[in-house]
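The structure file entry-v2.cif is reproduced below (mmCIF, C-alpha atoms).
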data_entry
loop_
_atom_site.label_atom_id
_atom_site.label_comp_id
_atom_site.auth_asym_id
_atom_site.auth_seq_id
_atom_site.Cartn_x
_atom_site.Cartn_y
_atom_site.Cartn_z
CA MET A 1 35.96 72.50 74.33
CA SER A 2 32.55 74.04 74.19
CA ILE A 3 29.73 72.12 72.56
CA GLY A 4 26.54 74.02 71.84
CA LEU A 5 23.58 74.45 69.51
CA VAL A 6 24.17 75.64 65.96
CA THR A 7 21.35 76.24 63.48
CA TYR A 8 21.36 75.88 59.72
CA PRO A 9 18.46 78.20 58.80
CA GLU A 10 18.86 77.49 55.07
CA LEU A 11 17.81 73.87 55.76
CA CYS A 12 14.95 74.69 58.16
CA HIS A 13 11.36 74.02 57.11
CA GLY A 14 9.93 75.77 60.15
CA CYS A 15 8.08 72.70 61.40
CA GLY A 16 8.69 73.57 65.06
CA ASN A 17 9.54 69.99 66.11
CA CYS A 18 12.64 71.31 67.90
CA VAL A 19 10.61 73.89 69.83
CA VAL A 20 8.08 71.39 71.19
CA SER A 21 10.52 68.49 71.71
CA CYS A 22 12.95 70.61 73.75
CA PRO A 23 12.53 69.50 77.40
CA VAL A 24 13.65 72.90 78.70
CA ASN A 25 11.07 74.72 76.56
CA SER A 26 8.43 72.25 77.62
CA LEU A 27 9.27 72.65 81.32
CA ASN A 28 9.23 76.43 81.05
CA SER A 29 6.10 76.90 78.98
CA PRO A 30 2.70 75.26 79.48
CA GLU A 31 1.90 75.93 75.80
CA VAL A 32 4.95 74.02 74.61
CA ALA A 33 4.22 71.19 77.08
CA GLY A 34 0.78 71.03 75.47
CA GLY A 35 2.35 70.73 72.02
CA LYS A 36 1.91 74.29 70.76
CA GLY A 37 4.23 77.19 70.09
CA PRO A 38 5.22 79.31 73.09
CA ARG A 39 3.57 82.65 73.83
CA TYR A 40 6.79 84.31 74.98
CA ASP A 41 10.40 83.62 74.15
CA ASP A 42 12.12 84.92 77.35
CA ASP A 43 12.83 81.40 78.58
CA MET A 44 12.76 79.48 75.30
CA ILE A 45 15.95 78.01 73.87
CA MET A 46 14.69 78.25 70.32
CA VAL A 47 11.51 79.41 68.57
CA VAL A 48 10.33 79.50 64.97
CA GLU A 49 10.45 83.10 63.79
CA ASP A 50 9.30 84.03 60.28
CA GLY A 51 9.20 80.35 59.44
CA VAL A 52 12.79 79.66 60.48
CA VAL A 53 14.36 78.25 63.63
CA THR A 54 15.91 81.01 65.73
CA LEU A 55 18.02 80.52 68.84
CA LYS A 56 16.98 82.51 71.92
CA GLN A 57 18.18 81.70 75.45
CA THR A 58 20.97 79.25 74.60
CA ASP A 59 22.45 79.56 78.09
CA LEU A 60 19.49 77.48 79.32
CA CYS A 61 20.37 74.63 76.93
CA GLY A 62 21.22 71.35 78.66
CA LYS A 63 22.79 69.99 75.44
CA CYS A 64 20.72 66.82 75.57
CA GLY A 65 20.31 66.51 71.81
CA THR A 66 16.54 65.93 71.82
CA CYS A 67 15.95 68.74 69.29
CA VAL A 68 18.74 67.40 67.08
CA ASP A 69 16.99 64.01 67.13
CA ALA A 70 13.60 65.60 66.43
CA CYS A 71 14.67 67.78 63.49
CA PRO A 72 13.71 66.05 60.23
CA VAL A 73 16.08 68.07 58.05
CA PHE A 74 19.30 68.37 60.11
CA ALA A 75 18.83 72.11 60.59
CA LEU A 76 20.02 71.94 64.21
CA LYS A 77 23.23 70.44 65.47
CA LEU A 78 25.23 70.23 68.67
CA GLU A 79 28.70 71.21 67.56
CA ASN A 80 32.00 72.38 68.87
CA LEU A 81 31.40 76.13 68.94
CA GLU A 82 35.11 76.93 68.68
CA ASP A 83 35.14 75.41 65.18
CA SER A 84 32.40 77.62 63.81
CA MET B 11 58.90 65.68 78.62
CA GLU B 12 55.16 65.73 78.26
CA MET B 13 53.24 64.42 75.29
CA THR B 14 49.60 64.20 74.33
CA ASP B 15 48.33 61.88 71.65
CA VAL B 16 44.81 61.58 70.32
CA ILE B 17 44.17 58.50 68.20
CA ASN B 18 40.61 58.08 66.99
CA LYS B 19 38.88 59.35 70.11
CA ASP B 20 41.31 57.86 72.61
CA ILE B 21 43.66 60.19 74.43
CA SER B 22 47.12 59.49 75.85
CA VAL B 23 49.08 61.82 78.09
CA GLU B 24 52.57 60.82 79.14
CA ARG B 25 55.54 62.28 80.88
CA THR B 26 59.06 60.97 80.90
CA GLY B 27 61.40 61.70 83.78
CA VAL B 28 62.58 59.58 86.69
CA GLU B 29 59.66 57.34 85.82
CA LEU B 30 57.43 57.05 82.76
CA ARG B 31 53.92 58.09 83.76
CA LYS B 32 51.19 57.46 81.24
CA LEU B 33 47.45 58.16 81.31
CA HIS B 34 45.34 56.51 78.66
CA PHE B 35 41.69 57.27 77.94
CA ASN B 36 39.56 54.75 76.04
CA ASN B 37 36.59 56.60 74.55
CA ASP B 38 34.58 53.46 73.72
CA LEU B 39 34.33 52.53 77.41
CA CYS B 40 33.48 56.06 78.62
CA ALA B 41 29.91 56.90 79.65
CA ALA B 42 30.62 60.63 80.10
CA CYS B 43 29.45 60.26 83.70
CA GLY B 44 31.73 63.05 84.94
CA LEU B 45 33.38 61.29 87.91
CA CYS B 46 36.90 61.90 86.54
CA GLU B 47 36.14 65.60 86.23
CA LYS B 48 34.95 65.67 89.85
CA VAL B 49 37.99 63.86 91.23
CA CYS B 50 40.70 65.67 89.23
CA PRO B 51 42.67 67.85 91.70
CA VAL B 52 43.88 70.28 89.01
CA THR B 53 40.70 70.59 86.88
CA ALA B 54 42.54 69.24 83.85
CA ILE B 55 39.57 67.14 82.73
CA GLU B 56 36.49 68.52 81.06
CA VAL B 57 33.69 66.06 80.35
CA ASN B 58 31.62 67.04 77.34
CA PRO B 59 27.81 67.27 77.63
CA THR B 60 26.58 63.71 78.19
CA GLY B 61 23.43 64.16 76.10
CA ALA B 62 25.32 65.56 73.15
CA MET B 63 27.81 62.69 73.32
CA VAL B 64 25.33 59.82 73.60
CA ARG B 65 22.59 61.22 71.42
CA THR B 66 24.24 63.06 68.59
CA GLU B 67 27.23 62.41 66.38
CA GLN B 68 30.31 64.15 67.67
CA GLU B 69 33.80 64.26 66.30
CA SER B 70 35.33 64.97 69.69
CA SER B 71 36.10 62.57 72.53
CA ASN B 72 33.75 62.30 75.50
CA ILE B 73 36.33 64.06 77.64
CA ASP B 74 39.09 66.58 77.07
CA ILE B 75 42.32 66.36 79.02
CA ASP B 76 44.38 69.53 79.26
CA SER B 77 47.87 68.09 79.25
CA SER B 78 49.40 71.37 80.43
CA GLU B 79 47.31 71.07 83.60
CA CYS B 80 47.34 67.29 84.06
CA ALA B 81 49.60 66.37 86.97
CA LEU B 82 49.63 62.69 85.95
CA CYS B 83 48.55 61.67 89.43
CA GLY B 84 46.28 58.82 88.32
CA MET B 85 43.26 59.67 90.49
CA CYS B 86 40.87 59.72 87.53
CA SER B 87 41.84 56.17 86.57
CA CYS B 88 41.14 54.95 90.10
CA ILE B 89 37.64 56.49 90.30
CA CYS B 90 36.43 55.57 86.77
CA PRO B 91 33.87 52.77 87.19
CA TYR B 92 33.91 51.95 83.46
CA ASN B 93 37.64 51.20 83.04
CA ALA B 94 37.89 54.05 80.52
CA LEU B 95 40.94 55.60 82.17
CA ASN B 96 44.13 53.71 82.87
CA PHE B 97 47.26 54.99 84.49
CA ASP B 98 50.63 53.27 84.21
CA ILE B 99 53.88 54.02 86.00
CA ASP B 100 56.83 52.48 84.16
CA GLY B 101 54.43 50.26 82.24
CA GLU B 102 52.61 48.92 85.30
CA SER B 103 48.98 49.83 85.97
CA ILE B 104 48.51 51.47 89.36
CA LYS B 105 45.37 49.35 89.75
CA GLU B 106 47.78 46.46 90.44
CA SER B 107 49.54 48.37 93.21
CA ASP B 108 48.54 48.45 96.89
CA LEU B 109 49.83 52.02 97.15
CA TYR B 110 46.77 53.29 95.29
CA PRO B 111 43.09 52.81 96.08
CA ARG B 112 41.21 50.55 93.70
CA LEU B 113 37.43 50.39 93.31
CA ILE B 114 36.06 47.15 94.70
CA LYS B 115 33.87 46.05 91.86
CA SER B 116 33.51 42.65 90.31
CA SER B 117 31.14 40.31 88.53
CA GLU B 118 31.75 36.60 88.68
CA ILE B 119 29.89 33.54 87.46
CA ASP B 120 30.21 30.32 89.46
CA GLU B 121 30.65 27.67 86.77
CA GLU B 122 29.64 24.92 89.22
CA THR B 123 26.18 26.42 89.70
CA CYS B 124 25.61 27.88 86.21
CA ILE B 125 23.10 26.01 84.06
CA TYR B 126 24.07 27.93 80.90
CA CYS B 127 20.57 29.34 80.38
CA LYS B 128 22.00 32.50 78.76
CA ASN B 129 19.61 34.84 80.61
CA CYS B 130 22.59 36.92 81.76
CA GLU B 131 24.08 37.05 78.28
CA LEU B 132 20.85 38.45 76.88
CA ALA B 133 20.22 40.88 79.77
CA CYS B 134 23.77 42.27 80.10
CA PRO B 135 23.56 45.95 79.08
CA PRO B 136 27.10 46.22 77.63
CA LYS B 137 26.92 42.68 76.17
CA ALA B 138 29.97 41.71 78.21
CA ILE B 139 28.89 38.10 78.84
CA THR B 140 29.39 35.16 76.52
CA ILE B 141 27.95 31.74 77.35
CA ALA B 142 29.21 28.96 75.12
CA ARG B 143 27.12 25.84 75.61
CA GLU B 144 27.10 22.30 74.33
CA LEU B 145 23.64 20.73 74.34
CA PRO B 146 23.09 17.05 75.15
CA VAL B 147 22.61 14.69 72.20
CA ARG B 148 18.89 14.34 71.67
CA SER B 149 18.99 10.68 70.65
CA LYS B 150 20.49 9.82 74.04
CA LEU B 151 17.62 11.43 75.93
CA VAL B 152 14.83 9.38 74.36
CA THR B 153 14.88 5.73 73.45
CA GLY B 154 12.37 3.58 71.68
CA GLU B 155 11.72 1.48 68.66
CA ILE B 156 10.12 2.37 65.37
CA GLU B 157 9.51 0.31 62.29
CA ILE B 158 7.54 1.08 59.15
CA ASP B 159 6.08 -1.90 57.36
CA LYS B 160 6.95 -1.11 53.74
CA ASP B 161 4.39 -3.58 52.39
CA THR B 162 1.52 -1.92 54.22
CA CYS B 163 2.71 1.70 53.70
CA VAL B 164 0.83 3.48 50.91
CA ASN B 165 3.32 6.41 50.64
CA CYS B 166 0.67 8.95 51.63
CA GLY B 167 3.28 11.18 53.34
CA ILE B 168 1.01 12.02 56.28
CA CYS B 169 3.63 10.86 58.81
CA GLU B 170 6.32 12.89 57.04
CA GLU B 171 4.18 16.03 57.18
CA MET B 172 3.18 15.51 60.81
CA CYS B 173 6.50 14.48 62.33
CA PRO B 174 7.45 17.31 64.75
CA ALA B 175 11.11 16.30 64.65
CA ASP B 176 11.35 16.10 60.85
CA ALA B 177 12.66 12.57 61.25
CA ILE B 178 10.68 10.91 58.43
CA THR B 179 11.59 11.24 54.76
CA LEU B 180 9.77 9.81 51.77
CA ALA B 181 11.87 9.46 48.64
CA TYR B 182 9.38 10.80 46.11
CA LYS B 183 9.88 9.95 42.46
CA ASN B 184 7.95 10.11 39.21
CA PRO B 185 6.02 6.89 38.57
CA THR B 186 6.92 5.13 35.33
CA SER B 187 5.22 2.28 33.52
CA ILE B 188 8.01 -0.04 34.59
CA ASP B 189 7.85 1.08 38.25
CA PRO B 190 4.40 2.54 38.91
CA THR B 191 5.08 3.86 42.45
CA ILE B 192 5.40 7.45 43.71
CA SER B 193 8.16 6.75 46.22
CA SER B 194 11.22 4.56 46.28
CA GLY B 195 11.18 4.24 50.05
CA ILE B 196 10.54 5.76 53.44
CA ASP B 197 13.18 6.38 56.04
CA VAL B 198 13.13 7.23 59.75
CA ASN B 199 16.18 9.03 61.09
CA LYS B 200 16.58 7.44 64.52
CA ASP B 201 18.89 10.22 65.74
CA SER B 202 16.10 12.76 65.23
CA CYS B 203 13.07 10.63 66.22
CA VAL B 204 11.75 11.40 69.70
CA TYR B 205 9.30 8.46 69.77
CA CYS B 206 6.33 10.72 70.29
CA LEU B 207 4.19 8.25 68.31
CA VAL B 208 2.34 10.95 66.37
CA CYS B 209 3.16 9.11 63.11
CA LYS B 210 1.83 5.84 64.45
CA LYS B 211 -1.45 7.43 65.50
CA ALA B 212 -1.84 9.40 62.27
CA CYS B 213 -1.01 6.58 59.85
CA PRO B 214 -4.25 5.72 57.95
CA VAL B 215 -3.15 2.12 57.20
CA ASP B 216 -1.45 1.17 60.50
CA ALA B 217 1.90 0.66 58.84
CA ILE B 218 3.94 2.07 61.71
CA LYS B 219 4.89 0.06 64.76
CA ALA B 220 6.53 2.19 67.41
CA VAL B 221 7.06 2.24 71.17
CA CYS B 222 8.63 4.79 73.44
CA ARG B 223 10.81 3.12 76.07
CA THR B 224 11.17 6.29 78.10
CA CYS B 225 7.41 6.44 78.59
CA SER B 226 6.83 2.79 79.38
CA TYR B 227 9.75 2.18 81.71
CA GLY B 228 10.41 5.63 83.10
CA ASP B 229 13.92 7.02 83.14
CA TYR B 230 15.82 3.99 84.36
CA ASP B 231 17.47 2.94 81.13
CA LEU B 232 18.81 6.42 80.44
CA ASN B 233 22.26 7.50 81.50
CA SER B 234 21.93 10.66 83.61
CA GLU B 235 25.36 11.84 82.45
CA ASP B 236 23.91 12.26 78.97
CA PHE B 237 21.33 14.86 80.12
CA GLY B 238 23.41 17.82 81.19
CA THR B 239 24.19 20.86 79.11
CA LYS B 240 27.88 21.58 79.33
CA GLY B 241 29.39 24.98 78.76
CA LYS B 242 31.80 27.76 79.52
CA THR B 243 31.09 31.27 80.76
CA PHE B 244 33.05 34.40 80.03
CA ILE B 245 32.71 37.96 81.33
CA ASN B 246 34.67 40.65 79.52
CA GLN B 247 36.02 42.46 82.58
CA GLU B 248 36.92 45.53 80.55
CA THR B 249 33.44 46.23 79.19
CA CYS B 250 31.53 44.88 82.23
CA VAL B 251 29.92 47.74 84.19
CA ASP B 252 29.12 45.68 87.34
CA CYS B 253 25.50 46.81 87.17
CA GLY B 254 24.08 43.62 88.67
CA TRP B 255 21.67 42.71 85.86
CA CYS B 256 23.25 39.26 85.53
CA GLU B 257 23.11 38.61 89.28
CA ASP B 258 19.47 39.64 89.37
CA ILE B 259 18.29 37.68 86.35
CA CYS B 260 20.22 34.47 87.09
CA PRO B 261 17.63 31.80 88.03
CA VAL B 262 20.13 29.71 90.03
CA ASP B 263 22.03 32.47 91.89
CA ALA B 264 25.29 31.63 90.17
CA ILE B 265 26.48 35.22 89.82
CA LYS B 266 27.97 37.55 92.41
CA VAL B 267 28.39 41.27 91.72
CA GLU B 268 30.17 43.86 93.87
CA LYS B 269 29.36 47.48 93.10
CA PRO B 270 31.80 50.39 93.34
CA PHE B 271 29.47 53.00 94.83
CA GLU B 272 26.53 53.19 97.19
CA GLY B 273 23.91 55.92 97.15
CA THR B 274 20.48 56.94 95.98
CA LEU B 275 18.87 57.95 92.71
CA GLU B 276 15.92 60.32 92.79
CA ILE B 277 13.90 61.46 89.78
CA SER B 278 11.40 64.27 89.99
CA GLY B 279 8.45 63.13 87.91
CA GLU B 280 7.11 66.67 87.92
CA THR B 281 10.21 68.20 86.36
CA CYS B 282 10.95 65.33 83.96
CA GLN B 283 9.74 66.08 80.44
CA GLY B 284 10.35 62.58 79.10
CA CYS B 285 13.11 63.48 76.63
CA GLU B 286 14.80 60.05 77.04
CA THR B 287 18.33 61.44 77.28
CA CYS B 288 18.95 59.74 80.65
CA ILE B 289 17.75 56.39 79.30
CA MET B 290 20.25 56.70 76.46
CA ALA B 291 23.03 57.83 78.78
CA CYS B 292 22.70 55.09 81.42
CA PRO B 293 25.20 52.28 80.72
CA CYS B 294 23.42 50.04 83.26
CA ASN B 295 19.87 49.98 81.81
CA VAL B 296 18.41 51.31 85.08
CA LEU B 297 15.80 53.54 83.43
CA SER B 298 12.90 52.86 81.10
CA PHE B 299 9.64 54.37 79.92
CA PRO B 300 6.63 52.54 81.37
CA GLN B 301 3.89 51.55 78.93
CA PRO B 302 0.28 52.20 80.01
CA GLU B 303 -1.99 49.17 79.97
CA LYS B 304 -4.52 50.96 77.78
CA SER B 305 -3.57 53.60 75.23
CA GLY B 306 -4.00 57.02 76.76
CA GLY B 307 -3.58 55.60 80.29
CA LYS B 308 -1.52 57.57 82.79
CA VAL B 309 1.72 56.06 84.06
CA GLU B 310 4.78 57.40 85.89
CA LYS B 311 6.97 59.40 83.49
CA ILE B 312 10.06 57.33 83.91
CA HIS B 313 10.72 54.09 85.74
CA LYS B 314 13.93 53.35 87.65
CA ASP B 315 15.19 50.25 89.36
CA GLU B 316 18.09 51.07 91.62
CA LYS B 317 19.16 47.47 91.97
CA TYR B 318 20.88 47.90 88.59
CA CYS B 319 22.34 51.35 89.41
CA ILE B 320 26.00 51.97 90.24
CA TYR B 321 25.41 55.68 90.98
CA CYS B 322 27.87 56.95 88.37
CA GLY B 323 25.75 60.04 87.76
CA ALA B 324 25.65 59.89 83.94
CA CYS B 325 21.85 60.32 83.95
CA GLU B 326 22.02 63.31 86.28
CA LYS B 327 24.61 64.93 84.05
CA ALA B 328 22.58 64.16 80.92
CA CYS B 329 19.28 65.58 82.18
CA PRO B 330 18.68 69.00 80.62
CA VAL B 331 16.13 70.03 83.25
CA ASN B 332 17.92 68.81 86.42
CA ALA B 333 15.16 66.36 87.24
CA ILE B 334 17.61 63.71 88.45
CA ASP B 335 19.55 63.68 91.67
CA VAL B 336 22.23 61.05 92.19
CA VAL B 337 23.67 60.96 95.69
CA ARG B 338 26.78 58.90 96.33
CA THR B 339 27.20 58.04 100.00
CA LYS B 340 30.06 55.54 99.88
CA ILE B 341 32.93 54.49 97.65
CA ASN B 342 33.80 50.83 97.97
CA CYS B 343 37.56 50.85 97.49
CA THR B 344 40.79 49.47 98.88
CA PRO B 345 42.44 51.68 101.55
CA ILE B 346 43.29 55.25 100.54
CA LYS B 347 46.77 55.92 101.88
CA SER B 348 47.17 59.62 101.14
CA LYS B 349 45.27 62.61 102.51
CA ALA B 350 45.25 64.31 99.11
CA TRP B 351 43.67 61.24 97.54
CA GLN B 352 41.13 61.00 100.37
CA LYS B 353 40.15 64.61 99.78
CA ALA B 354 39.81 64.10 96.04
CA PHE B 355 37.73 60.95 96.51
CA ASP B 356 35.49 62.80 98.98
CA ASN B 357 34.70 65.22 96.14
CA VAL B 358 32.57 62.58 94.42
CA LEU B 359 30.50 61.99 97.57
CA ASN B 360 27.58 64.25 98.41
#
Write-out of the structure in structure tokens:
Amino acid sequence: MSIGLVTYPELCHGCGNCVVSCPVNSLNSPEVAGGKGPRYDDDMIMVVEDGVVTLKQTDLCGKCGTCVDACPVFALKLENLEDS
Amino acid sequence: MEMTDVINKDISVERTGVELRKLHFNNDLCAACGLCEKVCPVTAIEVNPTGAMVRTEQESSNIDIDSSECALCGMCSCICPYNALNFDIDGESIKESDLYPRLIKSSEIDEETCIYCKNCELACPPKAITIARELPVRSKLVTGEIEIDKDTCVNCGICEEMCPADAITLAYKNPTSIDPTISSGIDVNKDSCVYCLVCKKACPVDAIKAVCRTCSYGDYDLNSEDFGTKGKTFINQETCVDCGWCEDICPVDAIKVEKPFEGTLEISGETCQGCETCIMACPCNVLSFPQPEKSGGKVEKIHKDEKYCIYCGACEKACPVNAIDVVRTKINCTPIKSKAWQKAFDNVLN
């Protein structure tokens, strides 16, 4: 079974909580560690693009669930990817 | 014939033949630490991402067992420190058999030494300990005499309000022209009274005569058998994780814990981003966030105390940024009698 990140863009408010809470993003980008949006997305798992959460480098995801916990509107989930 | 059953999140794999071999996985006990995956000689076990399992709602079990690969050897059940995997041959658990290695892990309370303080019950991370205690009867621990002179008493209620043991009751009533009093009596419950003499000192009309025999004569007229708290202790051996919290917190050294693994736990404070996934994943409450003394103060990112750690590796597996390194140097187990088993067990050592 393969569990991974799935986004529900129709629910997303674009708050960016997931982007800054993500420990991988925060380790990889000094801007995110400082609480801002990242300057580049080459080593970001997700960013907010045009006001909506967009997955980028999902292979870096450690599947810890911090972003899922941080999202106020359930727009991100860790799910069985084979189901979707 | 081979069969796989998934009920709720528990998984059973069984094979009938010369003997009935049955592997059972109990999801509630599993910490998704990954040891079974490491020991499995045929890579039939896949442990799902620890963070996803402990932090988010998942419909799937913590582990998947591929029954077409599973050789029903039982190794996973022997390495699991959380009793989540059990392997039976013809209905008998291989943990009962000397032919198979068994982790040496235990937690025991010595009832002779235990004072039933309940520290262990409250500290136990999986809430596996129950302490049932019977307190001594209070009236047997203090003796004295108390008398309220009803003729002098003015029913002011000061003693009732002040009594720390709630032992004094005034029977308030509405005064009538035929009985113009506000109370029909005052009563001292001698089972509750601790002869502290607060009432006597507070009484504005000196209506209370009381003495405390324990104070004036010391302890000699008390029966020492009446003092002790009696009780019974119980450790749920299935949910116990042998983390050592109880042993450490016990004020009278009544608890002995043997741990299944030895090793080290290293956390890189530089890499750690403080996401808390490891804290949630650890079944042994080894990790916590330190609080600075003043707001804005700098503290270490995450605090560990290895005396509670059993080196299962759940935190390492949960960490999304590989900031944690769990090294297992020794497995404490009964003799391993087969080379194949030795090799598989060596796979969990670093």
On this structure, which residues satisfy the PyMOL selection byres ((chain A) within 6 of (chain B)), written as a PDB file with C-alpha atoms, keeping the file's coordinate frame?
ATOM      1  CA  PRO A  23      12.530  69.500  77.400  1.00  0.00           C
ATOM      2  CA  VAL A  24      13.650  72.900  78.700  1.00  0.00           C
ATOM      3  CA  GLY A  62      21.220  71.350  78.660  1.00  0.00           C
ATOM      4  CA  LYS A  63      22.790  69.990  75.440  1.00  0.00           C
ATOM      5  CA  CYS A  64      20.720  66.820  75.570  1.00  0.00           C
ATOM      6  CA  GLY A  65      20.310  66.510  71.810  1.00  0.00           C
TER       7      GLY A  65
END
Under the PyMOL selection byres ((chain A and resi 32-44) around 12), which residues of this model are included? Write them out as a PyMOL selection string.
(chain A and resi 14-31+45-49+53-61) or (chain B and resi 281-285)
Straight-line distance linking atom CA of B:Asn165 with atom CA of B:Ala212, stated in Å to one decimal
13.1 Å
I need the residue set behind the PyMOL selection byres ((chain B and resi 214) around 10) for this file; please write it as a short mmCIF file (atom, residue, chain, number, x, y, z; two decimals) with C-alpha atoms, keeping the file's coordinate frame.
data_model
loop_
_atom_site.label_atom_id
_atom_site.label_comp_id
_atom_site.auth_asym_id
_atom_site.auth_seq_id
_atom_site.Cartn_x
_atom_site.Cartn_y
_atom_site.Cartn_z
CA CYS B 163 2.71 1.70 53.70
CA VAL B 164 0.83 3.48 50.91
CA CYS B 166 0.67 8.95 51.63
CA ILE B 168 1.01 12.02 56.28
CA CYS B 169 3.63 10.86 58.81
CA CYS B 209 3.16 9.11 63.11
CA LYS B 210 1.83 5.84 64.45
CA LYS B 211 -1.45 7.43 65.50
CA ALA B 212 -1.84 9.40 62.27
CA CYS B 213 -1.01 6.58 59.85
CA VAL B 215 -3.15 2.12 57.20
CA ASP B 216 -1.45 1.17 60.50
CA ALA B 217 1.90 0.66 58.84
CA ILE B 218 3.94 2.07 61.71
#
How many Å lie between atom CA of B:Ser103 and atom CA of B:Leu33, rounded to one decimal?
9.7 Å
Contacts of A:Leu11 at 7 Å or less, counting all atoms listed in the file, minus same-chain residues fewer than 2 places along, as a ChimeraX atom specification?
/A:8-9,13,73,75
Give me the residues within 9 Å of stretch 259-275 of chain B as a VMD selection string, counting all atoms listed in the file and dropping any in the same chain fewer than 5 places off.
chain B and resid 89 91 113 to 125 127 to 130 133 251 to 254 314 316 319 to 323 326 334 to 343 359
Around all listed atoms of stretch 154-159 of chain B, padded 4 Å per side, what centre and edge lengths does the axis-aligned box have in Å to one decimal, as lines of an AutoDock Vina configuration file?
center_x = 9.2
center_y = 0.8
center_z = 64.5
size_x = 14.3
size_y = 13.5
size_z = 22.3
N, CA and C atoms are needed for stretch 5-21 of chain A; please write them out as an mmCIF file, keeping the file's coordinate frame.
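Below you can see out-v3.cif, which holds the result:
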data_model
loop_
_atom_site.group_PDB
_atom_site.id
_atom_site.type_symbol
_atom_site.label_atom_id
_atom_site.label_comp_id
_atom_site.auth_asym_id
_atom_site.auth_seq_id
_atom_site.Cartn_x
_atom_site.Cartn_y
_atom_site.Cartn_z
ATOM 1 N N LEU A 5 24.510 74.516 70.635
ATOM 2 C CA LEU A 5 23.580 74.450 69.510
ATOM 3 C C LEU A 5 23.996 75.366 68.367
ATOM 4 N N VAL A 6 23.910 74.848 67.163
ATOM 5 C CA VAL A 6 24.170 75.640 65.960
ATOM 6 C C VAL A 6 22.992 75.380 65.014
ATOM 7 N N THR A 7 22.471 76.447 64.407
ATOM 8 C CA THR A 7 21.350 76.240 63.480
ATOM 9 C C THR A 7 21.817 76.425 62.040
ATOM 10 N N TYR A 8 21.127 75.725 61.158
ATOM 11 C CA TYR A 8 21.360 75.880 59.720
ATOM 12 C C TYR A 8 20.048 76.350 59.108
ATOM 13 N N PRO A 9 19.777 77.676 59.198
ATOM 14 C CA PRO A 9 18.460 78.200 58.800
ATOM 15 C C PRO A 9 18.122 77.885 57.336
ATOM 16 N N GLU A 10 19.133 77.764 56.486
ATOM 17 C CA GLU A 10 18.860 77.490 55.070
ATOM 18 C C GLU A 10 18.233 76.115 54.876
ATOM 19 N N LEU A 11 18.400 75.209 55.864
ATOM 20 C CA LEU A 11 17.810 73.870 55.760
ATOM 21 C C LEU A 11 16.437 73.793 56.421
ATOM 22 N N CYS A 12 16.139 74.781 57.299
ATOM 23 C CA CYS A 12 14.950 74.690 58.160
ATOM 24 C C CYS A 12 13.656 74.818 57.382
ATOM 25 N N HIS A 13 12.689 73.940 57.714
ATOM 26 C CA HIS A 13 11.360 74.020 57.110
ATOM 27 C C HIS A 13 10.363 74.747 58.006
ATOM 28 N N GLY A 14 10.817 75.075 59.216
ATOM 29 C CA GLY A 14 9.930 75.770 60.150
ATOM 30 C C GLY A 14 8.863 74.904 60.777
ATOM 31 N N CYS A 15 9.119 73.601 60.895
ATOM 32 C CA CYS A 15 8.080 72.700 61.400
ATOM 33 C C CYS A 15 7.827 72.879 62.894
ATOM 34 N N GLY A 16 8.851 73.353 63.625
ATOM 35 C CA GLY A 16 8.690 73.570 65.060
ATOM 36 C C GLY A 16 8.874 72.327 65.918
ATOM 37 N N ASN A 17 9.289 71.199 65.305
ATOM 38 C CA ASN A 17 9.540 69.990 66.110
ATOM 39 C C ASN A 17 10.547 70.262 67.223
ATOM 40 N N CYS A 18 11.602 71.025 66.905
ATOM 41 C CA CYS A 18 12.640 71.310 67.900
ATOM 42 C C CYS A 18 12.041 72.076 69.080
ATOM 43 N N VAL A 19 11.173 73.025 68.788
ATOM 44 C CA VAL A 19 10.610 73.890 69.830
ATOM 45 C C VAL A 19 9.786 73.072 70.818
ATOM 46 N N VAL A 20 8.951 72.148 70.285
ATOM 47 C CA VAL A 20 8.080 71.390 71.190
ATOM 48 C C VAL A 20 8.788 70.178 71.806
ATOM 49 N N SER A 21 9.829 69.659 71.133
ATOM 50 C CA SER A 21 10.520 68.490 71.710
ATOM 51 C C SER A 21 11.479 68.906 72.812
#
